[in-house]
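This is data_20.cif (mmCIF, C-alpha atoms and all ligand atoms).
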data_model
loop_
_atom_site.label_atom_id
_atom_site.label_comp_id
_atom_site.auth_asym_id
_atom_site.auth_seq_id
_atom_site.Cartn_x
_atom_site.Cartn_y
_atom_site.Cartn_z
CA MET A 1 -13.51 -73.97 -9.89
CA SER A 2 -13.43 -70.28 -10.77
CA LEU A 3 -16.37 -68.05 -9.85
CA LEU A 4 -17.04 -67.28 -13.52
CA GLU A 5 -16.04 -69.65 -16.30
CA LEU A 6 -16.76 -69.17 -19.97
CA ASP A 7 -16.22 -72.21 -22.13
CA ASP A 8 -16.06 -71.91 -25.92
CA VAL A 9 -18.72 -69.18 -25.96
CA LYS A 10 -20.05 -68.24 -29.39
CA VAL A 11 -22.49 -65.47 -30.28
CA HIS A 12 -23.39 -65.46 -33.97
CA PHE A 13 -25.97 -62.88 -35.02
CA PRO A 14 -28.00 -63.88 -38.08
CA VAL A 15 -27.95 -61.45 -41.01
CA LYS A 16 -31.46 -61.40 -42.50
CA LYS A 17 -32.68 -60.31 -45.89
CA GLY A 18 -36.08 -60.11 -47.59
CA LEU A 19 -39.27 -58.13 -47.01
CA VAL A 20 -41.85 -60.91 -46.69
CA PHE A 21 -39.90 -64.02 -45.81
CA ASP A 22 -36.91 -63.26 -43.65
CA ARG A 23 -34.03 -65.30 -44.98
CA THR A 24 -30.80 -65.75 -43.07
CA VAL A 25 -28.09 -64.91 -45.56
CA GLY A 26 -25.11 -65.03 -43.24
CA HIS A 27 -23.88 -64.44 -39.72
CA VAL A 28 -21.92 -61.86 -37.79
CA TYR A 29 -19.41 -63.93 -35.81
CA ALA A 30 -19.29 -61.38 -32.98
CA VAL A 31 -17.92 -63.86 -30.43
CA ASP A 32 -16.44 -67.01 -31.87
CA GLY A 33 -15.17 -69.45 -29.27
CA VAL A 34 -14.00 -67.63 -26.15
CA SER A 35 -12.95 -69.54 -23.01
CA LEU A 36 -11.83 -67.67 -19.93
CA GLN A 37 -11.95 -67.89 -16.14
CA VAL A 38 -12.42 -65.12 -13.61
CA GLU A 39 -11.28 -65.99 -10.10
CA GLU A 40 -13.22 -64.81 -7.06
CA GLY A 41 -12.05 -61.39 -5.82
CA GLN A 42 -9.94 -60.81 -8.93
CA THR A 43 -10.21 -58.65 -12.03
CA TYR A 44 -10.10 -59.93 -15.59
CA GLY A 45 -9.44 -57.18 -18.11
CA LEU A 46 -10.70 -57.71 -21.65
CA VAL A 47 -9.16 -55.46 -24.32
CA GLY A 48 -9.40 -55.12 -28.07
CA GLU A 49 -10.33 -52.74 -30.88
CA SER A 50 -13.86 -51.47 -31.34
CA GLY A 51 -16.01 -54.18 -32.93
CA CYS A 52 -13.96 -57.17 -31.75
CA GLY A 53 -16.86 -58.51 -29.66
CA LYS A 54 -16.00 -57.36 -26.13
CA THR A 55 -19.40 -55.87 -25.32
CA THR A 56 -21.28 -58.80 -26.83
CA LEU A 57 -19.23 -61.17 -24.69
CA GLY A 58 -19.96 -59.15 -21.52
CA ARG A 59 -23.66 -59.00 -22.33
CA SER A 60 -23.78 -62.71 -23.05
CA VAL A 61 -22.69 -63.45 -19.46
CA LEU A 62 -25.84 -61.70 -18.21
CA ARG A 63 -27.88 -63.25 -21.00
CA LEU A 64 -28.72 -59.83 -22.37
CA VAL A 65 -27.82 -61.61 -25.61
CA GLU A 66 -28.31 -65.36 -25.92
CA ILE A 67 -25.25 -67.39 -26.74
CA THR A 68 -25.20 -69.58 -29.85
CA ASP A 69 -22.97 -72.22 -28.31
CA GLY A 70 -20.76 -72.90 -25.29
CA SER A 71 -21.39 -72.42 -21.58
CA VAL A 72 -21.26 -69.65 -19.00
CA ASN A 73 -20.70 -71.10 -15.55
CA PHE A 74 -21.28 -68.84 -12.59
CA ASP A 75 -20.70 -70.30 -9.12
CA GLY A 76 -21.18 -73.79 -10.51
CA THR A 77 -24.37 -73.09 -12.51
CA ASP A 78 -24.54 -72.99 -16.31
CA LEU A 79 -26.43 -69.73 -16.84
CA ALA A 80 -27.03 -70.39 -20.52
CA LYS A 81 -29.26 -73.35 -19.64
CA LEU A 82 -31.26 -71.68 -16.85
CA PRO A 83 -34.98 -71.01 -17.34
CA ALA A 84 -35.68 -67.24 -17.45
CA LYS A 85 -37.31 -67.26 -14.00
CA GLU A 86 -34.27 -68.75 -12.29
CA MET A 87 -31.99 -66.36 -14.15
CA ARG A 88 -33.55 -63.51 -12.12
CA THR A 89 -31.76 -64.51 -8.92
CA PHE A 90 -28.47 -64.72 -10.76
CA ARG A 91 -29.05 -61.33 -12.41
CA ARG A 92 -28.88 -59.69 -9.00
CA ARG A 93 -25.53 -61.34 -8.27
CA LEU A 94 -24.08 -60.28 -11.64
CA GLN A 95 -24.31 -56.55 -12.31
CA MET A 96 -23.17 -54.35 -15.15
CA VAL A 97 -21.74 -50.82 -15.15
CA PHE A 98 -22.03 -49.10 -18.52
CA GLN A 99 -19.87 -46.68 -20.48
CA ASP A 100 -22.35 -43.85 -20.73
CA PRO A 101 -23.64 -43.11 -17.24
CA LEU A 102 -26.12 -40.47 -18.39
CA GLY A 103 -27.62 -42.66 -21.11
CA SER A 104 -28.24 -45.44 -18.62
CA LEU A 105 -29.83 -43.23 -15.93
CA ASN A 106 -33.44 -42.06 -16.29
CA PRO A 107 -33.30 -38.22 -16.25
CA ARG A 108 -36.74 -37.96 -14.65
CA GLN A 109 -35.93 -40.09 -11.62
CA ASN A 110 -34.03 -38.78 -8.64
CA ILE A 111 -31.09 -40.79 -7.32
CA GLU A 112 -33.07 -42.39 -4.50
CA SER A 113 -35.70 -43.57 -6.94
CA ILE A 114 -33.06 -44.87 -9.41
CA LEU A 115 -31.24 -46.82 -6.71
CA SER A 116 -34.29 -48.16 -4.89
CA GLU A 117 -35.97 -49.41 -8.06
CA GLY A 118 -33.70 -52.44 -8.43
CA MET A 119 -33.74 -53.08 -4.68
CA ALA A 120 -37.54 -53.22 -4.66
CA ALA A 121 -37.57 -55.52 -7.69
CA HIS A 122 -35.22 -57.95 -5.96
CA GLY A 123 -36.80 -57.60 -2.50
CA ILE A 124 -33.69 -56.04 -0.93
CA GLY A 125 -33.57 -53.51 1.88
CA GLY A 126 -36.79 -53.97 3.90
CA THR A 127 -38.85 -50.85 4.66
CA ARG A 128 -38.53 -47.61 2.75
CA GLU A 129 -36.54 -46.07 5.60
CA GLU A 130 -34.19 -49.05 5.79
CA ARG A 131 -33.70 -48.91 2.04
CA ARG A 132 -32.91 -45.18 2.25
CA GLU A 133 -30.38 -45.89 4.98
CA LYS A 134 -28.67 -48.51 2.82
CA ILE A 135 -28.59 -46.16 -0.17
CA ARG A 136 -27.02 -43.42 1.99
CA ASP A 137 -24.38 -45.86 3.10
CA ILE A 138 -23.58 -46.91 -0.49
CA LEU A 139 -23.48 -43.28 -1.67
CA THR A 140 -20.84 -42.59 0.99
CA LYS A 141 -18.90 -45.66 -0.13
CA VAL A 142 -18.78 -44.39 -3.73
CA GLY A 143 -17.80 -40.87 -2.60
CA LEU A 144 -21.07 -39.01 -3.17
CA PRO A 145 -22.72 -36.68 -0.61
CA ALA A 146 -25.77 -38.06 1.23
CA ASN A 147 -27.88 -35.17 -0.14
CA ALA A 148 -27.40 -36.70 -3.61
CA LEU A 149 -30.51 -38.77 -2.78
CA SER A 150 -33.01 -36.13 -3.82
CA ARG A 151 -31.07 -34.82 -6.82
CA TYR A 152 -31.34 -35.73 -10.52
CA PRO A 153 -28.70 -37.19 -12.89
CA HIS A 154 -28.17 -33.93 -14.83
CA GLU A 155 -27.08 -32.18 -11.64
CA PHE A 156 -23.93 -34.32 -11.47
CA SER A 157 -20.62 -34.28 -13.35
CA GLY A 158 -19.59 -37.20 -15.61
CA GLY A 159 -17.41 -38.76 -12.94
CA GLN A 160 -20.16 -38.44 -10.31
CA ARG A 161 -22.68 -40.00 -12.68
CA GLN A 162 -20.40 -42.98 -13.12
CA ARG A 163 -20.28 -43.22 -9.32
CA ILE A 164 -24.09 -43.32 -9.36
CA GLY A 165 -23.91 -46.12 -11.95
CA ILE A 166 -21.56 -48.03 -9.64
CA ALA A 167 -23.85 -47.38 -6.64
CA ARG A 168 -26.80 -48.70 -8.63
CA ALA A 169 -24.94 -51.97 -9.12
CA LEU A 170 -23.73 -52.10 -5.49
CA VAL A 171 -27.13 -51.71 -3.80
CA LEU A 172 -28.03 -55.13 -5.21
CA GLU A 173 -25.09 -56.73 -3.34
CA PRO A 174 -23.55 -58.38 -6.42
CA ASP A 175 -20.68 -60.88 -6.49
CA VAL A 176 -19.53 -59.94 -9.98
CA ILE A 177 -19.60 -56.57 -11.75
CA ILE A 178 -19.07 -56.38 -15.49
CA CYS A 179 -17.68 -52.91 -16.22
CA ASP A 180 -18.08 -52.12 -19.91
CA GLU A 181 -15.76 -49.21 -20.82
CA PRO A 182 -16.32 -47.78 -17.32
CA VAL A 183 -14.17 -44.68 -17.82
CA SER A 184 -13.89 -44.11 -21.56
CA ALA A 185 -16.50 -41.31 -21.52
CA LEU A 186 -14.60 -39.44 -18.79
CA ASP A 187 -11.73 -36.94 -18.76
CA VAL A 188 -8.34 -38.55 -18.22
CA SER A 189 -7.96 -36.88 -14.80
CA ILE A 190 -11.29 -38.33 -13.65
CA GLN A 191 -10.60 -41.79 -15.12
CA ALA A 192 -7.95 -42.59 -12.50
CA GLN A 193 -10.32 -41.59 -9.68
CA VAL A 194 -13.04 -43.95 -10.89
CA ILE A 195 -10.55 -46.80 -11.44
CA ASN A 196 -9.19 -46.23 -7.91
CA LEU A 197 -12.72 -46.29 -6.54
CA LEU A 198 -13.40 -49.62 -8.28
CA GLU A 199 -10.21 -51.02 -6.74
CA GLU A 200 -11.12 -49.81 -3.24
CA LEU A 201 -14.61 -51.28 -3.52
CA GLN A 202 -13.18 -54.57 -4.70
CA GLU A 203 -10.96 -54.72 -1.67
CA SER A 204 -13.59 -53.76 0.89
CA LEU A 205 -16.47 -55.77 -0.58
CA GLY A 206 -14.61 -58.74 -2.09
CA LEU A 207 -16.00 -58.06 -5.57
CA THR A 208 -15.03 -59.87 -8.74
CA TYR A 209 -14.70 -57.78 -11.93
CA LEU A 210 -14.73 -58.31 -15.64
CA VAL A 211 -13.49 -54.98 -17.02
CA ILE A 212 -13.96 -54.35 -20.74
CA ALA A 213 -11.97 -51.56 -22.42
CA HIS A 214 -10.39 -50.66 -25.75
CA ASP A 215 -7.59 -48.88 -23.94
CA LEU A 216 -4.78 -51.01 -22.50
CA ALA A 217 -3.79 -48.25 -20.11
CA VAL A 218 -7.20 -48.43 -18.43
CA VAL A 219 -7.08 -52.14 -17.61
CA ARG A 220 -3.40 -52.32 -16.76
CA HIS A 221 -3.41 -51.43 -13.07
CA ILE A 222 -6.76 -52.82 -12.12
CA SER A 223 -6.44 -56.26 -13.78
CA ASP A 224 -4.91 -59.44 -12.41
CA VAL A 225 -5.25 -61.16 -15.77
CA ILE A 226 -5.72 -59.57 -19.20
CA GLY A 227 -7.28 -61.15 -22.26
CA VAL A 228 -6.68 -59.57 -25.66
CA MET A 229 -9.49 -60.05 -28.17
CA TYR A 230 -9.30 -59.83 -31.93
CA LEU A 231 -12.27 -60.48 -34.24
CA GLY A 232 -14.34 -62.54 -31.82
CA SER A 233 -11.67 -64.57 -30.06
CA LEU A 234 -8.84 -64.30 -27.57
CA VAL A 235 -5.38 -64.05 -29.12
CA GLU A 236 -3.46 -63.74 -25.87
CA GLU A 237 -4.06 -64.08 -22.17
CA ALA A 238 -1.55 -63.43 -19.40
CA PRO A 239 -1.19 -62.01 -15.91
CA SER A 240 -1.20 -58.24 -16.26
CA ASP A 241 2.51 -57.74 -15.42
CA ALA A 242 3.64 -60.51 -17.77
CA LEU A 243 1.57 -59.12 -20.63
CA TYR A 244 3.11 -55.68 -20.28
CA ALA A 245 6.63 -56.95 -19.70
CA GLU A 246 6.63 -59.16 -22.77
CA PRO A 247 3.62 -59.22 -25.11
CA ARG A 248 3.84 -62.45 -27.11
CA HIS A 249 1.12 -62.26 -29.78
CA PRO A 250 1.85 -59.96 -32.76
CA TYR A 251 -1.46 -58.16 -32.22
CA THR A 252 -0.69 -57.52 -28.53
CA LYS A 253 2.77 -56.29 -29.55
CA ALA A 254 1.17 -53.83 -31.98
CA LEU A 255 -1.38 -52.60 -29.42
CA MET A 256 1.36 -52.18 -26.88
CA SER A 257 3.70 -50.32 -29.21
CA ALA A 258 1.02 -47.63 -29.59
CA VAL A 259 0.94 -46.91 -25.84
CA PRO A 260 3.31 -44.01 -25.13
CA VAL A 261 6.06 -44.58 -22.54
CA PRO A 262 6.97 -41.62 -20.31
CA ASP A 263 10.73 -42.29 -20.47
CA PRO A 264 12.17 -40.83 -23.74
CA GLU A 265 15.14 -43.23 -23.71
CA VAL A 266 12.89 -46.27 -23.51
CA GLU A 267 10.62 -44.63 -26.09
CA ASP A 268 13.49 -44.33 -28.58
CA ARG A 269 14.58 -47.95 -28.20
CA ARG A 270 11.10 -49.34 -28.62
CA GLU A 271 10.06 -51.56 -31.46
CA ARG A 272 7.15 -49.91 -33.23
CA ILE A 273 4.56 -51.83 -35.09
CA LEU A 274 1.92 -50.09 -37.13
CA LEU A 275 -0.84 -52.34 -38.33
CA THR A 276 -1.76 -51.87 -41.93
CA GLY A 277 -5.26 -52.44 -43.25
CA ASP A 278 -8.58 -52.18 -41.47
CA LEU A 279 -10.12 -54.63 -39.07
CA PRO A 280 -11.87 -57.21 -41.28
CA SER A 281 -15.64 -57.58 -40.90
CA PRO A 282 -16.80 -60.15 -38.33
CA ALA A 283 -19.44 -61.13 -40.92
CA ASN A 284 -16.68 -62.32 -43.22
CA PRO A 285 -13.63 -63.14 -41.11
CA PRO A 286 -10.44 -64.29 -42.84
CA ALA A 287 -9.78 -68.02 -43.01
CA GLY A 288 -6.97 -69.47 -40.93
CA CYS A 289 -5.60 -67.14 -38.30
CA ARG A 290 -7.97 -64.18 -38.20
CA PHE A 291 -5.08 -61.83 -37.68
CA HIS A 292 -2.96 -63.04 -40.59
CA THR A 293 -4.19 -60.34 -42.99
CA ARG A 294 -2.62 -57.68 -40.77
CA CYS A 295 0.15 -59.65 -39.12
CA PRO A 296 3.73 -58.49 -39.66
CA TRP A 297 4.99 -62.06 -39.19
CA ALA A 298 2.35 -63.98 -41.17
CA GLN A 299 3.80 -66.93 -43.07
CA ASP A 300 2.39 -68.14 -46.36
CA THR A 301 0.36 -71.26 -45.91
CA LEU A 302 -0.20 -72.25 -42.30
CA CYS A 303 -1.36 -68.83 -41.09
CA ALA A 304 -3.80 -68.45 -43.99
CA THR A 305 -5.33 -71.91 -43.66
CA GLU A 306 -5.29 -73.14 -40.08
CA ARG A 307 -6.84 -71.34 -37.14
CA PRO A 308 -4.47 -71.35 -34.15
CA VAL A 309 -5.84 -72.18 -30.70
CA LEU A 310 -4.88 -70.49 -27.44
CA LYS A 311 -1.89 -72.44 -26.07
CA ASP A 312 0.29 -72.13 -23.02
CA VAL A 313 3.68 -70.80 -24.17
CA GLY A 314 5.28 -70.39 -20.74
CA GLY A 315 5.77 -67.37 -18.49
CA GLY A 316 2.03 -67.33 -17.76
CA HIS A 317 1.16 -66.47 -21.38
CA LYS A 318 -1.42 -68.25 -23.48
CA VAL A 319 -1.12 -67.29 -27.13
CA ALA A 320 -3.07 -68.18 -30.28
CA CYS A 321 -0.29 -67.96 -32.87
CA HIS A 322 1.39 -70.70 -34.93
CA PHE A 323 4.74 -68.94 -34.70
CA ALA A 324 4.75 -67.53 -31.16
CA ALA A 325 7.93 -69.40 -30.19
CA GLU A 326 9.79 -68.45 -33.39
CA ILE A 327 8.78 -64.79 -33.09
CA ALA A 328 10.04 -64.71 -29.49
CA ALA A 329 13.32 -66.34 -30.59
CA GLY A 330 13.64 -63.99 -33.58
CA THR A 331 13.92 -66.88 -36.02
CA VAL A 332 11.01 -65.95 -38.24
CA GLU A 333 11.17 -63.16 -40.82
CA ARG A 334 8.81 -60.24 -40.79
CA THR A 335 7.14 -59.19 -44.00
CA ALA A 336 8.61 -55.71 -44.24
CA ALA A 337 5.61 -54.10 -45.90
CA SER A 338 3.41 -54.38 -42.86
CA VAL A 339 5.91 -53.16 -40.31
CA VAL A 340 6.56 -49.48 -40.48
CA PRO A 341 9.21 -48.00 -38.20
CA ALA A 342 7.10 -45.07 -37.12
CA THR A 343 8.45 -41.79 -35.90
CA ARG A 344 7.44 -40.63 -32.49
CA GLU A 345 5.13 -38.02 -34.09
CA GLU A 346 3.31 -40.71 -36.06
CA MET A 347 2.84 -42.81 -32.96
CA THR A 348 1.55 -39.80 -31.03
CA ASP A 349 -0.93 -39.07 -33.84
CA ARG A 350 -2.13 -42.64 -33.69
CA VAL A 351 -2.65 -42.53 -29.95
CA VAL A 352 -4.46 -39.20 -30.16
CA GLU A 353 -6.66 -40.58 -32.97
CA ALA A 354 -7.44 -43.69 -30.93
CA ALA A 355 -8.29 -41.57 -27.89
CA ALA A 356 -10.63 -39.39 -29.96
CA GLU A 357 -12.56 -42.35 -31.37
N1 LIG B 401 -27.55 -57.34 -32.24
C1 LIG B 401 -26.61 -57.43 -33.19
N2 LIG B 401 -26.90 -57.85 -34.44
C2 LIG B 401 -25.95 -57.95 -35.40
N3 LIG B 401 -24.66 -57.63 -35.20
C3 LIG B 401 -24.29 -57.20 -33.98
C4 LIG B 401 -25.24 -57.06 -32.91
N4 LIG B 401 -24.59 -56.59 -31.82
C5 LIG B 401 -23.29 -56.44 -32.18
N5 LIG B 401 -23.12 -56.80 -33.48
C6 LIG B 401 -21.85 -56.79 -34.23
O1 LIG B 401 -20.96 -57.67 -33.57
C7 LIG B 401 -19.63 -57.15 -33.64
C8 LIG B 401 -19.06 -57.02 -32.24
O2 LIG B 401 -19.71 -55.94 -31.57
P1 LIG B 401 -19.39 -55.51 -30.06
O3 LIG B 401 -20.22 -54.31 -29.74
O4 LIG B 401 -19.49 -56.68 -29.18
O5 LIG B 401 -17.87 -55.09 -30.17
P2 LIG B 401 -16.98 -54.23 -29.18
O6 LIG B 401 -15.62 -54.81 -29.23
O7 LIG B 401 -17.62 -54.16 -27.84
O8 LIG B 401 -16.97 -52.83 -29.86
P3 LIG B 401 -17.34 -51.40 -29.23
O9 LIG B 401 -16.23 -51.09 -28.27
O10 LIG B 401 -17.38 -50.51 -30.43
O11 LIG B 401 -18.69 -51.58 -28.57
C9 LIG B 401 -19.72 -55.81 -34.38
O12 LIG B 401 -19.39 -56.02 -35.72
C10 LIG B 401 -21.17 -55.43 -34.24
O13 LIG B 401 -21.57 -54.67 -35.36
#

As structure tokens, please, write out the structure in this file.
Ligand SMILES: Nc1ncnc2c1ncn2[C@@H]1O[C@H](COP(=O)(O)OP(=O)(O)OP(=O)(O)O)[C@@H](O)[C@H]1O
Amino acid sequence: MSLLELDDVKVHFPVKKGLVFDRTVGHVYAVDGVSLQVEEGQTYGLVGESGCGKTTLGRSVLRLVEITDGSVNFDGTDLAKLPAKEMRTFRRRLQMVFQDPLGSLNPRQNIESILSEGMAAHGIGGTREERREKIRDILTKVGLPANALSRYPHEFSGGQRQRIGIARALVLEPDVIICDEPVSALDVSIQAQVINLLEELQESLGLTYLVIAHDLAVVRHISDVIGVMYLGSLVEEAPSDALYAEPRHPYTKALMSAVPVPDPEVEDRRERILLTGDLPSPANPPAGCRFHTRCPWAQDTLCATERPVLKDVGGGHKVACHFAAEIAAGTVERTAASVVPATREEMTDRVVEAAAE
């Protein structure tokens, strides 16, 4: 059994209306049937556009949002069924690192106070002096000076603050860390340093990660397995190398074709797929395959009526697409209107726009 197993997890937020009597008039299908496994000591990377449900899924593991249906098994226990009191113990073992380090650190607390707060709450670390010793040790592990103890969050750079966020998770001796957009608020040069740090810590402490990011480049090197999410569900899952070598779902192909390649010759030979249309609302998702309204290969009836399930298609890939085999074999026609052979300038614009979002 995997350390963390999600089975058909759904999170549907009710949409309410009315001043006196709250009426539920619909639902936001933020997460709509996600199953995935994270193996001990490995990293699962979850990618997808903003609004596809990545954060909600991560939060549902920690029960920061309650799931509507499905199960979240951690080390053999279904967390979704645990009484709140028992969940406390598991909360220590499952920690989260957030996107915005400053927003998640209290500006009026010094670093020692921030890091010892959780330790005290979970009864970790013994006496004050022992706790301080442990914090010093963790600060060294995350590459911060020991004198950081008495300083305040605003005295640190963005990258250092994210290191404090990581240290705050580590002092609780977790098994799993859910990193939600861990580097997207940081400069590109600093991003690699923080990703490297996460990798080193994984190796030395045997940690298991679920890394959530909108940027494929961020999860590529750190992930063993990558899941691609679109409108509340997984459309493709594959070992990291296999996903990059040969994306199989049309949505993954489109995401991948927007990532610039350093080699100009490869760049010129690449198939470019620009998605037309906006991401539909998760409150009113399209029937059938949720991606069919933007899919360059969508076929008339089946794609618009029947929702595909994630299926093993060989080579380590699991894909939710009725025509995955035909697309790979080149035997299914594209609808020309939705595939635009973009120039390199257009692709660069798109990547810059995405980075600025
Ligand atoms: N508490 C809530 N009540 C109602 N709708 C919600 C709630 N939380 C999230 N949503 C909606 O659920 C959908 C998925 O949101 P979520 O934040 O999980 O996506 P995301 O992929 O992490 O995007 P981002 O990267 O922008 O955070 C969005 O449409 C969002 O508006």

Original post:
From the list A:Asp278, A:Asp224, A:Asp312, A:Asp75, which residue is nearest Arg294 in chain A when using only C-alpha atoms?
Top reply: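 Once distances to Arg294 in chain A are computed over only C-alpha atoms, the minimum belongs to A:Asp278.
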
**OP:** List every protein, DNA or RNA residue that has at least one atom no more than 8 Å from (-16.9, -74.4, -23.8) in the file's coordinates, counting all atoms listed in the file, and write the result as a PyMOL selection string.
**Re:** chain A and resi 6-9+33-35+69-71

Under the rule of at most 7 Å, produce a per-residue listing of chain A near ligand LIG 401 (chain B): chain, number, name, the closest pair of atoms, and the distance in Å, as a Markdown table, using all atoms listed in the file.
| residue | atom | partner | partner_atom | distance |
| --- | --- | --- | --- | --- |
| A:Phe13 | CA | B:LIG401 | C2 | 4.9 |
| A:Pro14 | CA | B:LIG401 | C2 | 6.8 |
| A:Val15 | CA | B:LIG401 | C2 | 6.9 |
| A:Val28 | CA | B:LIG401 | N3 | 5.7 |
| A:Tyr29 | CA | B:LIG401 | O1 | 6.8 |
| A:Ala30 | CA | B:LIG401 | O1 | 4.1 |
| A:Gly48 | CA | B:LIG401 | O6 | 6.3 |
| A:Glu49 | CA | B:LIG401 | O6 | 5.9 |
| A:Ser50 | CA | B:LIG401 | O8 | 3.7 |
| A:Gly51 | CA | B:LIG401 | O5 | 3.5 |
| A:Cys52 | CA | B:LIG401 | O6 | 3.8 |
| A:Gly53 | CA | B:LIG401 | O4 | 3.2 |
| A:Lys54 | CA | B:LIG401 | O7 | 4.0 |
| A:Thr55 | CA | B:LIG401 | O7 | 3.5 |
| A:Thr56 | CA | B:LIG401 | O4 | 3.6 |
| A:Leu57 | CA | B:LIG401 | O4 | 6.4 |
| A:His214 | CA | B:LIG401 | O9 | 6.4 |
| A:Ser281 | CA | B:LIG401 | O12 | 6.6 |
| A:Pro282 | CA | B:LIG401 | O12 | 5.5 |

Can you spit out the residues from that selection as a short mmCIF file (atom, residue, chain, number, x, y, z; two decimals), in the coordinates of the input, using C-alpha atoms?
data_model
loop_
_atom_site.label_atom_id
_atom_site.label_comp_id
_atom_site.auth_asym_id
_atom_site.auth_seq_id
_atom_site.Cartn_x
_atom_site.Cartn_y
_atom_site.Cartn_z
CA PHE A 13 -25.97 -62.88 -35.02
CA PRO A 14 -28.00 -63.88 -38.08
CA VAL A 15 -27.95 -61.45 -41.01
CA VAL A 28 -21.92 -61.86 -37.79
CA TYR A 29 -19.41 -63.93 -35.81
CA ALA A 30 -19.29 -61.38 -32.98
CA GLY A 48 -9.40 -55.12 -28.07
CA GLU A 49 -10.33 -52.74 -30.88
CA SER A 50 -13.86 -51.47 -31.34
CA GLY A 51 -16.01 -54.18 -32.93
CA CYS A 52 -13.96 -57.17 -31.75
CA GLY A 53 -16.86 -58.51 -29.66
CA LYS A 54 -16.00 -57.36 -26.13
CA THR A 55 -19.40 -55.87 -25.32
CA THR A 56 -21.28 -58.80 -26.83
CA LEU A 57 -19.23 -61.17 -24.69
CA HIS A 214 -10.39 -50.66 -25.75
CA SER A 281 -15.64 -57.58 -40.90
CA PRO A 282 -16.80 -60.15 -38.33
#

Original post:
Which residues come within 10 Å of Ala325 in chain A, counting all atoms listed in the file, excluding same-chain residues fewer than 3 positions away, as a list in words?
Top reply: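 Close residues of Ala325 in chain A: Arg248, His249, Val313, Gly314, Val319, Cys321, His322, Ala328, Ala329, Gly330, Thr331 and Val332 of chain A.
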
Subject >> For CA of Asn147 in chain A and CA of Leu105 in chain A, the interatomic separation in Å (one decimal) >> reply: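 About the pair CA of Asn147 in chain A and CA of Leu105 in chain A: they are 17.8 Å apart.
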
Original post:
Between CA of Leu36 in chain A and CA of Gly232 in chain A, what is the distance, to one decimal in Å?
Top reply: 13.2 Å

Original post:
To one decimal place, how far is CA of Lys134 in chain A from CA of Gly58 in chain A in Å?
Top reply: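 About the pair CA of Lys134 in chain A and CA of Gly58 in chain A: they are 28.0 Å apart.
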
Subject >> Minimum-distance residue to Glu112 in chain A, chosen among A:Pro153, A:Pro247, A:Pro285, A:Pro296 (using all atoms listed in the file) >> reply: A:Pro153

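Proximity to Ala167 in chain A was assessed for A:Thr293, A:Thr276, A:Gln95, A:Ser184 counting all atoms listed in the file; the smallest distance is recorded for A:Gln95.
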
Val11 in chain A environment, 6 Å, all atoms listed in the file, sequence neighbours closer than 2 positions dropped, as a CSV table (one decimal) with C-alpha atoms, keeping the file's coordinate frame:
chain,number,residue,atom,x,y,z
A,30,ALA,CA,-19.3,-61.4,-33.0
A,31,VAL,CA,-17.9,-63.9,-30.4
A,67,ILE,CA,-25.2,-67.4,-26.7
A,68,THR,CA,-25.2,-69.6,-29.8

**OP:** Considering only C-alpha atoms, state which residue in the set A:Gln42, A:Asp180, A:Gln191, A:Lys311 is at the smallest distance from Asp100 in chain A.
**Re:**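 Looking only at the distances to Asp100 in chain A, the closest residue turns out to be A:Asp180.
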
List as a PDB file with C-alpha atoms, keeping the file's coordinate frame the protein and nucleic acid residues near Leu144 in chain A, meaning an atom at most 10 Å away when all atoms listed in the file are counted, but skip any in the same chain fewer than 2 places from it.
ATOM      1  CA  ARG A 136     -27.020 -43.420   1.990  1.00  0.00           C
ATOM      2  CA  ASP A 137     -24.380 -45.860   3.100  1.00  0.00           C
ATOM      3  CA  ILE A 138     -23.580 -46.910  -0.490  1.00  0.00           C
ATOM      4  CA  LEU A 139     -23.480 -43.280  -1.670  1.00  0.00           C
ATOM      5  CA  THR A 140     -20.840 -42.590   0.990  1.00  0.00           C
ATOM      6  CA  LYS A 141     -18.900 -45.660  -0.130  1.00  0.00           C
ATOM      7  CA  VAL A 142     -18.780 -44.390  -3.730  1.00  0.00           C
ATOM      8  CA  ALA A 146     -25.770 -38.060   1.230  1.00  0.00           C
ATOM      9  CA  ASN A 147     -27.880 -35.170  -0.140  1.00  0.00           C
ATOM     10  CA  ALA A 148     -27.400 -36.700  -3.610  1.00  0.00           C
ATOM     11  CA  LEU A 149     -30.510 -38.770  -2.780  1.00  0.00           C
ATOM     12  CA  PHE A 156     -23.930 -34.320 -11.470  1.00  0.00           C
ATOM     13  CA  GLN A 160     -20.160 -38.440 -10.310  1.00  0.00           C
ATOM     14  CA  ARG A 161     -22.680 -40.000 -12.680  1.00  0.00           C
ATOM     15  CA  ARG A 163     -20.280 -43.220  -9.320  1.00  0.00           C
ATOM     16  CA  ILE A 164     -24.090 -43.320  -9.360  1.00  0.00           C
ATOM     17  CA  ALA A 167     -23.850 -47.380  -6.640  1.00  0.00           C
TER      18      ALA A 167
END

**OP:** Using all atoms listed in the file, find the one residue out of A:Leu102, A:Val188, A:Ile222, A:Ala120 that sits nearest to Gly165 in chain A.
**Re:** A:Leu102

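Counting all atoms listed in the file and comparing A:Ile177, A:Met1, A:Ala304, A:Leu279, the residue that lies closest to Thr208 in chain A is A:Ile177.
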
**OP:** For Asn196 in chain A, work out the shell of residues within 12 Å, counting all atoms listed in the file and skipping chain neighbours fewer than 5 positions away, then give it as a VMD selection string.
**Re:** chain A and resid 142 to 143 163 182 to 183 189 to 191 201 to 203 218 to 219 221 to 223

Which residues, written as a CSV table (one decimal) with C-alpha atoms, keeping the file's coordinate frame, have at least one atom at most 9 Å from Glu333 in chain A, with only C-alpha atoms counted and residues fewer than 3 positions away on the same chain left out?
chain,number,residue,atom,x,y,z
A,296,PRO,CA,3.7,-58.5,-39.7
A,297,TRP,CA,5.0,-62.1,-39.2
A,298,ALA,CA,2.4,-64.0,-41.2
A,299,GLN,CA,3.8,-66.9,-43.1
A,327,ILE,CA,8.8,-64.8,-33.1
A,330,GLY,CA,13.6,-64.0,-33.6
A,336,ALA,CA,8.6,-55.7,-44.2
